[in-house]
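Below is one structure, written out as structure tokens, with a few remarks after it.
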Amino acid sequence: LASSSSCTFIDTLHSYSSTSRQERDTRARQRRCEQRKEEEARTPPSHTNSPPSLDSHPMPPREASDCSAPTTAVAPTSPPSGCQLPKPCRGLSRRRQLRKRTRSLHALLRLKKSKVLQRARLQLLKDAPLNPAVKPLEWLVGSWESDGLGQGSFPSIRPFNYTETLHFYHVGQPVLNFMFNAFHPDTKKPMHRECGFIRMEPGTQNVAFINAQNTGLVEIEEGELNGLELTLQSRAVARISFAKEPYVQQISRTFRLKDGKLEQTVFMSTENQPLSRHLHITYRRTAP
């Protein structure tokens, strides 16, 4: 009896000692965990090679294995090294090229159509009958080209030569349009240019010559038509604010048709020089 009771007592001590040891180990682990948390809360996280604690740091987001897959992170400005971007769809590229070609063809067709319409309009204008108001000036209508060299002179400049083309045309209005183009006889470079309109006073032989020049000079000349000769005298002369001096004060000119050839003589005066002959040239008709 005594031996059995002693064995029971010993077993009870063993179980008590093992239970208390387990509890002590559990408490010790809890204290260590709490201390670790407090230390990590007090000190900022440092980048070390040791893996972070599962209790203190959450797991970083998993990176996508494919660079073309969408990610939650901000897209970099350039792809990382070793990563190849997906190739564009060939079908989409072909469709874009076809659309571009189609637009180009449409633009070309519109341009051709506009040119055809413009030629048709010009042809209609050429075929328009001459207005009776400018019928006395019909002998001027057409294209003219200088027959030989034109002669230019003035007291304040050296004499010079030039070639010139004249174009007198109409669009059915009671006015003639004109355009004069002068060229250097050797280099063929453009020189002096004039363009404007010619009107006639109804019921009279009075003619108005409205002229604009590429030198910045604009003038209105008026005169009288006498058969195949037209004499004009400037009534008003205007110029741009930065025109070259000396300023032109007066211009007079004469057109004369003689033996099928057209002659033009121009006189001019400036602030320093009186009215003197400036230009003389003869033209031959190249187109009606």
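Every chain in the structure tokens has a letter given in the order shown (A, B, ...), and although residue numbers restart at 1 in each chain, ligands are simply numbered from 1 in the order shown.
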### Gly196 in chain A environment, 6 Å, only C-alpha atoms, sequence neighbours closer than 4 positions dropped, as a ChimeraX atom specification
/A:177-178,210-211
If you keep C-alpha atoms, can you produce a file of those selected residues as a compact mmCIF listing (two decimals), in the first residue's frame?
```
# COMPACT_ATOMS: atom_id res chain seq x y z
CA ASN A 177 -7.40 93.35 -117.45
CA PHE A 178 -3.70 93.70 -118.14
CA ILE A 210 -5.58 101.80 -113.15
CA ASN A 211 -2.06 100.48 -112.55
```
Taking only residues of range 94-151 of chain A that have an atom at most 12 Å from an atom of range 247-260 of chain A, what is each one's shortest atom pair and its distance in Å to one decimal, using only C-alpha atoms, in chain and number order, as a Markdown table?
```
| residue | atom | partner | partner_atom | distance |
| --- | --- | --- | --- | --- |
| A:Leu137 | CA | A:Phe255 | CA | 11.0 |
| A:Glu138 | CA | A:Leu257 | CA | 11.4 |
| A:Trp139 | CA | A:Leu257 | CA | 7.8 |
| A:Leu140 | CA | A:Leu257 | CA | 8.3 |
| A:Val141 | CA | A:Leu257 | CA | 11.7 |
| A:Trp144 | CA | A:Gly260 | CA | 11.1 |
| A:Asp147 | CA | A:Gly260 | CA | 11.7 |
```
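In terms of minimum interatomic distance to Ile240 in chain A, A:Ala212 ranks closest within A:Ala212, A:Pro190, A:Glu40, A:Thr26, counting only C-alpha atoms.
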Run DSSP on the backbone and tell me which residues of range 74-269 of chain A come out as helix (DSSP H, G or I); list them as a PDB file with N, CA, C and O atoms, in the first residue's frame.
```
ATOM      1  N   ARG A  90      -0.405  43.051 -87.076  1.00  0.00           N
ATOM      2  CA  ARG A  90      -0.173  43.323 -88.505  1.00  0.00           C
ATOM      3  C   ARG A  90      -1.443  43.770 -89.198  1.00  0.00           C
ATOM      4  O   ARG A  90      -1.433  44.619 -90.069  1.00  0.00           O
ATOM      5  N   GLY A  91      -2.567  43.174 -88.821  1.00  0.00           N
ATOM      6  CA  GLY A  91      -3.829  43.561 -89.441  1.00  0.00           C
ATOM      7  C   GLY A  91      -4.170  45.008 -89.187  1.00  0.00           C
ATOM      8  O   GLY A  91      -4.613  45.728 -90.085  1.00  0.00           O
ATOM      9  N   LEU A  92      -3.918  45.499 -87.965  1.00  0.00           N
ATOM     10  CA  LEU A  92      -4.188  46.893 -87.637  1.00  0.00           C
ATOM     11  C   LEU A  92      -3.293  47.823 -88.420  1.00  0.00           C
ATOM     12  O   LEU A  92      -3.710  48.863 -88.926  1.00  0.00           O
ATOM     13  N   SER A  93      -2.002  47.455 -88.559  1.00  0.00           N
ATOM     14  CA  SER A  93      -1.069  48.292 -89.314  1.00  0.00           C
ATOM     15  C   SER A  93      -1.483  48.368 -90.778  1.00  0.00           C
ATOM     16  O   SER A  93      -1.418  49.428 -91.401  1.00  0.00           O
ATOM     17  N   ARG A  94      -1.912  47.255 -91.352  1.00  0.00           N
ATOM     18  CA  ARG A  94      -2.347  47.277 -92.747  1.00  0.00           C
ATOM     19  C   ARG A  94      -3.587  48.132 -92.938  1.00  0.00           C
ATOM     20  O   ARG A  94      -3.713  48.859 -93.930  1.00  0.00           O
ATOM     21  N   ARG A  95      -4.505  48.049 -92.001  1.00  0.00           N
ATOM     22  CA  ARG A  95      -5.708  48.873 -92.111  1.00  0.00           C
ATOM     23  C   ARG A  95      -5.359  50.356 -92.056  1.00  0.00           C
ATOM     24  O   ARG A  95      -5.932  51.174 -92.786  1.00  0.00           O
ATOM     25  N   ARG A  96      -4.416  50.713 -91.190  1.00  0.00           N
ATOM     26  CA  ARG A  96      -3.992  52.112 -91.118  1.00  0.00           C
ATOM     27  C   ARG A  96      -3.359  52.566 -92.429  1.00  0.00           C
ATOM     28  O   ARG A  96      -3.610  53.682 -92.906  1.00  0.00           O
ATOM     29  N   GLN A  97      -2.525  51.709 -93.018  1.00  0.00           N
ATOM     30  CA  GLN A  97      -1.901  52.066 -94.295  1.00  0.00           C
ATOM     31  C   GLN A  97      -2.946  52.228 -95.391  1.00  0.00           C
ATOM     32  O   GLN A  97      -2.863  53.143 -96.218  1.00  0.00           O
ATOM     33  N   LEU A  98      -3.950  51.341 -95.402  1.00  0.00           N
ATOM     34  CA  LEU A  98      -4.998  51.451 -96.406  1.00  0.00           C
ATOM     35  C   LEU A  98      -5.796  52.732 -96.239  1.00  0.00           C
ATOM     36  O   LEU A  98      -6.131  53.407 -97.219  1.00  0.00           O
ATOM     37  N   ARG A  99      -6.101  53.096 -94.976  1.00  0.00           N
ATOM     38  CA  ARG A  99      -6.820  54.343 -94.744  1.00  0.00           C
ATOM     39  C   ARG A  99      -5.994  55.550 -95.194  1.00  0.00           C
ATOM     40  O   ARG A  99      -6.524  56.494 -95.783  1.00  0.00           O
ATOM     41  N   LYS A 100      -4.688  55.513 -94.926  1.00  0.00           N
ATOM     42  CA  LYS A 100      -3.821  56.615 -95.327  1.00  0.00           C
ATOM     43  C   LYS A 100      -3.764  56.734 -96.844  1.00  0.00           C
ATOM     44  O   LYS A 100      -3.850  57.838 -97.405  1.00  0.00           O
ATOM     45  N   ARG A 101      -3.642  55.600 -97.531  1.00  0.00           N
ATOM     46  CA  ARG A 101      -3.617  55.628 -98.997  1.00  0.00           C
ATOM     47  C   ARG A 101      -4.945  56.123 -99.557  1.00  0.00           C
ATOM     48  O   ARG A 101      -4.981  56.873-100.541  1.00  0.00           O
ATOM     49  N   THR A 102      -6.039  55.696 -98.924  1.00  0.00           N
ATOM     50  CA  THR A 102      -7.344  56.130 -99.391  1.00  0.00           C
ATOM     51  C   THR A 102      -7.499  57.642 -99.258  1.00  0.00           C
ATOM     52  O   THR A 102      -7.997  58.325-100.157  1.00  0.00           O
ATOM     53  N   ARG A 103      -7.065  58.193 -98.117  1.00  0.00           N
ATOM     54  CA  ARG A 103      -7.133  59.644 -97.935  1.00  0.00           C
ATOM     55  C   ARG A 103      -6.274  60.374 -98.968  1.00  0.00           C
ATOM     56  O   ARG A 103      -6.669  61.413 -99.506  1.00  0.00           O
ATOM     57  N   SER A 104      -5.084  59.829 -99.259  1.00  0.00           N
ATOM     58  CA  SER A 104      -4.213  60.463-100.257  1.00  0.00           C
ATOM     59  C   SER A 104      -4.854  60.449-101.636  1.00  0.00           C
ATOM     60  O   SER A 104      -4.804  61.443-102.372  1.00  0.00           O
ATOM     61  N   LEU A 105      -5.479  59.306-101.987  1.00  0.00           N
ATOM     62  CA  LEU A 105      -6.142  59.227-103.289  1.00  0.00           C
ATOM     63  C   LEU A 105      -7.306  60.201-103.384  1.00  0.00           C
ATOM     64  O   LEU A 105      -7.507  60.854-104.418  1.00  0.00           O
ATOM     65  N   HIS A 106      -8.079  60.321-102.295  1.00  0.00           N
ATOM     66  CA  HIS A 106      -9.195  61.265-102.302  1.00  0.00           C
ATOM     67  C   HIS A 106      -8.697  62.697-102.461  1.00  0.00           C
ATOM     68  O   HIS A 106      -9.292  63.501-103.197  1.00  0.00           O
ATOM     69  N   ALA A 107      -7.603  63.027-101.764  1.00  0.00           N
ATOM     70  CA  ALA A 107      -7.052  64.382-101.895  1.00  0.00           C
ATOM     71  C   ALA A 107      -6.562  64.632-103.314  1.00  0.00           C
ATOM     72  O   ALA A 107      -6.755  65.724-103.872  1.00  0.00           O
ATOM     73  N   LEU A 108      -5.921  63.624-103.927  1.00  0.00           N
ATOM     74  CA  LEU A 108      -5.447  63.779-105.297  1.00  0.00           C
ATOM     75  C   LEU A 108      -6.609  63.959-106.262  1.00  0.00           C
ATOM     76  O   LEU A 108      -6.562  64.786-107.183  1.00  0.00           O
ATOM     77  N   LEU A 109      -7.677  63.180-106.056  1.00  0.00           N
ATOM     78  CA  LEU A 109      -8.843  63.314-106.927  1.00  0.00           C
ATOM     79  C   LEU A 109      -9.488  64.690-106.787  1.00  0.00           C
ATOM     80  O   LEU A 109      -9.910  65.292-107.778  1.00  0.00           O
ATOM     81  N   ARG A 110      -9.558  65.185-105.534  1.00  0.00           N
ATOM     82  CA  ARG A 110     -10.117  66.532-105.339  1.00  0.00           C
ATOM     83  C   ARG A 110      -9.266  67.582-106.034  1.00  0.00           C
ATOM     84  O   ARG A 110      -9.788  68.540-106.619  1.00  0.00           O
ATOM     85  N   LEU A 111      -7.918  67.414-105.956  1.00  0.00           N
ATOM     86  CA  LEU A 111      -7.021  68.373-106.602  1.00  0.00           C
ATOM     87  C   LEU A 111      -7.200  68.350-108.114  1.00  0.00           C
ATOM     88  O   LEU A 111      -7.287  69.400-108.762  1.00  0.00           O
ATOM     89  N   LYS A 112      -7.275  67.135-108.689  1.00  0.00           N
ATOM     90  CA  LYS A 112      -7.472  67.034-110.130  1.00  0.00           C
ATOM     91  C   LYS A 112      -8.813  67.621-110.544  1.00  0.00           C
ATOM     92  O   LYS A 112      -8.933  68.299-111.566  1.00  0.00           O
ATOM     93  N   LYS A 113      -9.830  67.341-109.722  1.00  0.00           N
ATOM     94  CA  LYS A 113     -11.150  67.881-110.036  1.00  0.00           C
ATOM     95  C   LYS A 113     -11.137  69.403-110.007  1.00  0.00           C
ATOM     96  O   LYS A 113     -11.712  70.061-110.881  1.00  0.00           O
ATOM     97  N   SER A 114     -10.457  69.971-109.004  1.00  0.00           N
ATOM     98  CA  SER A 114     -10.390  71.424-108.920  1.00  0.00           C
ATOM     99  C   SER A 114      -9.625  72.004-110.110  1.00  0.00           C
ATOM    100  O   SER A 114      -9.994  73.055-110.647  1.00  0.00           O
ATOM    101  N   LYS A 115      -8.560  71.321-110.551  1.00  0.00           N
ATOM    102  CA  LYS A 115      -7.806  71.817-111.703  1.00  0.00           C
ATOM    103  C   LYS A 115      -8.640  71.751-112.969  1.00  0.00           C
ATOM    104  O   LYS A 115      -8.611  72.672-113.797  1.00  0.00           O
ATOM    105  N   VAL A 116      -9.394  70.659-113.118  1.00  0.00           N
ATOM    106  CA  VAL A 116     -10.249  70.539-114.294  1.00  0.00           C
ATOM    107  C   VAL A 116     -11.309  71.636-114.296  1.00  0.00           C
ATOM    108  O   VAL A 116     -11.570  72.273-115.324  1.00  0.00           O
ATOM    109  N   LEU A 117     -11.907  71.875-113.110  1.00  0.00           N
ATOM    110  CA  LEU A 117     -12.909  72.927-113.027  1.00  0.00           C
ATOM    111  C   LEU A 117     -12.304  74.298-113.307  1.00  0.00           C
ATOM    112  O   LEU A 117     -12.925  75.148-113.951  1.00  0.00           O
ATOM    113  N   GLN A 118     -11.077  74.491-112.814  1.00  0.00           N
ATOM    114  CA  GLN A 118     -10.423  75.774-113.048  1.00  0.00           C
ATOM    115  C   GLN A 118     -10.149  75.977-114.537  1.00  0.00           C
ATOM    116  O   GLN A 118     -10.357  77.080-115.074  1.00  0.00           O
ATOM    117  N   ARG A 119      -9.686  74.910-115.217  1.00  0.00           N
ATOM    118  CA  ARG A 119      -9.468  75.034-116.665  1.00  0.00           C
ATOM    119  C   ARG A 119     -10.775  75.318-117.393  1.00  0.00           C
ATOM    120  O   ARG A 119     -10.810  76.112-118.349  1.00  0.00           O
ATOM    121  N   ALA A 120     -11.839  74.646-116.943  1.00  0.00           N
ATOM    122  CA  ALA A 120     -13.131  74.877-117.591  1.00  0.00           C
ATOM    123  C   ALA A 120     -13.595  76.313-117.382  1.00  0.00           C
ATOM    124  O   ALA A 120     -14.113  76.946-118.315  1.00  0.00           O
ATOM    125  N   ARG A 121     -13.421  76.830-116.161  1.00  0.00           N
ATOM    126  CA  ARG A 121     -13.806  78.218-115.908  1.00  0.00           C
ATOM    127  C   ARG A 121     -13.000  79.183-116.771  1.00  0.00           C
ATOM    128  O   ARG A 121     -13.538  80.150-117.332  1.00  0.00           O
ATOM    129  N   LEU A 122     -11.664  78.935-116.845  1.00  0.00           N
ATOM    130  CA  LEU A 122     -10.821  79.807-117.668  1.00  0.00           C
ATOM    131  C   LEU A 122     -11.235  79.756-119.133  1.00  0.00           C
ATOM    132  O   LEU A 122     -11.243  80.785-119.825  1.00  0.00           O
ATOM    133  N   GLN A 123     -11.584  78.547-119.604  1.00  0.00           N
ATOM    134  CA  GLN A 123     -12.014  78.429-120.989  1.00  0.00           C
ATOM    135  C   GLN A 123     -13.315  79.190-121.228  1.00  0.00           C
ATOM    136  O   GLN A 123     -13.491  79.851-122.256  1.00  0.00           O
ATOM    137  N   LEU A 124     -14.225  79.079-120.245  1.00  0.00           N
ATOM    138  CA  LEU A 124     -15.472  79.824-120.372  1.00  0.00           C
ATOM    139  C   LEU A 124     -15.225  81.327-120.381  1.00  0.00           C
ATOM    140  O   LEU A 124     -15.859  82.083-121.127  1.00  0.00           O
ATOM    141  N   LEU A 125     -14.263  81.771-119.541  1.00  0.00           N
ATOM    142  CA  LEU A 125     -13.953  83.191-119.510  1.00  0.00           C
ATOM    143  C   LEU A 125     -13.329  83.646-120.829  1.00  0.00           C
ATOM    144  O   LEU A 125     -13.592  84.750-121.312  1.00  0.00           O
ATOM    145  N   LYS A 126     -12.472  82.764-121.386  1.00  0.00           N
ATOM    146  CA  LYS A 126     -11.856  83.132-122.663  1.00  0.00           C
ATOM    147  C   LYS A 126     -12.897  83.214-123.776  1.00  0.00           C
ATOM    148  O   LYS A 126     -12.779  84.026-124.691  1.00  0.00           O
ATOM    149  N   PRO A 132     -19.422  95.311-124.926  1.00  0.00           N
ATOM    150  CA  PRO A 132     -19.463  96.455-125.859  1.00  0.00           C
ATOM    151  C   PRO A 132     -18.845  97.724-125.293  1.00  0.00           C
ATOM    152  O   PRO A 132     -18.413  98.598-126.060  1.00  0.00           O
ATOM    153  N   ALA A 133     -18.760  97.833-123.945  1.00  0.00           N
ATOM    154  CA  ALA A 133     -18.214  99.057-123.352  1.00  0.00           C
ATOM    155  C   ALA A 133     -16.743  99.243-123.671  1.00  0.00           C
ATOM    156  O   ALA A 133     -16.243 100.382-123.680  1.00  0.00           O
ATOM    157  N   VAL A 134     -16.019  98.130-123.924  1.00  0.00           N
ATOM    158  CA  VAL A 134     -14.589  98.232-124.225  1.00  0.00           C
ATOM    159  C   VAL A 134     -14.299  97.748-125.647  1.00  0.00           C
ATOM    160  O   VAL A 134     -13.155  97.417-125.969  1.00  0.00           O
ATOM    161  N   LYS A 135     -15.321  97.734-126.484  1.00  0.00           N
ATOM    162  CA  LYS A 135     -15.137  97.295-127.872  1.00  0.00           C
ATOM    163  C   LYS A 135     -14.113  98.145-128.620  1.00  0.00           C
ATOM    164  O   LYS A 135     -13.314  97.603-129.407  1.00  0.00           O
ATOM    165  N   PRO A 136     -14.016  99.453-128.400  1.00  0.00           N
ATOM    166  CA  PRO A 136     -12.996 100.242-129.115  1.00  0.00           C
ATOM    167  C   PRO A 136     -11.562  99.843-128.778  1.00  0.00           C
ATOM    168  O   PRO A 136     -10.640 100.201-129.527  1.00  0.00           O
ATOM    169  N   LEU A 137     -11.345  99.120-127.654  1.00  0.00           N
ATOM    170  CA  LEU A 137      -9.995  98.709-127.273  1.00  0.00           C
ATOM    171  C   LEU A 137      -9.680  97.271-127.677  1.00  0.00           C
ATOM    172  O   LEU A 137      -8.716  96.681-127.191  1.00  0.00           O
ATOM    173  N   GLU A 138     -10.473  96.737-128.581  1.00  0.00           N
ATOM    174  CA  GLU A 138     -10.292  95.330-128.971  1.00  0.00           C
ATOM    175  C   GLU A 138      -8.926  95.089-129.591  1.00  0.00           C
ATOM    176  O   GLU A 138      -8.378  93.989-129.508  1.00  0.00           O
ATOM    177  N   TRP A 139      -8.339  96.091-130.214  1.00  0.00           N
ATOM    178  CA  TRP A 139      -7.041  95.915-130.866  1.00  0.00           C
ATOM    179  C   TRP A 139      -5.905  95.663-129.867  1.00  0.00           C
ATOM    180  O   TRP A 139      -4.810  95.228-130.280  1.00  0.00           O
ATOM    181  N   LEU A 140      -6.182  95.916-128.558  1.00  0.00           N
ATOM    182  CA  LEU A 140      -5.177  95.631-127.533  1.00  0.00           C
ATOM    183  C   LEU A 140      -5.249  94.190-127.019  1.00  0.00           C
ATOM    184  O   LEU A 140      -4.248  93.665-126.497  1.00  0.00           O
TER     185      LEU A 140
END
```
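One distance worth recording is that between CA of Glu271 in chain A and CA of Thr163 in chain A, which is 27.5 Å.
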### Query
Leaving out Asn181 in chain A and any residue of its chain fewer than 3 positions from it, which residues lie within 10 Å of it when counting only C-alpha atoms, given as number ranges by chain?
A: 145, 163-167, 190-195
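If you look at CA of Ser143 in chain A and CA of Ala236 in chain A, they are 27.6 Å away from each other.
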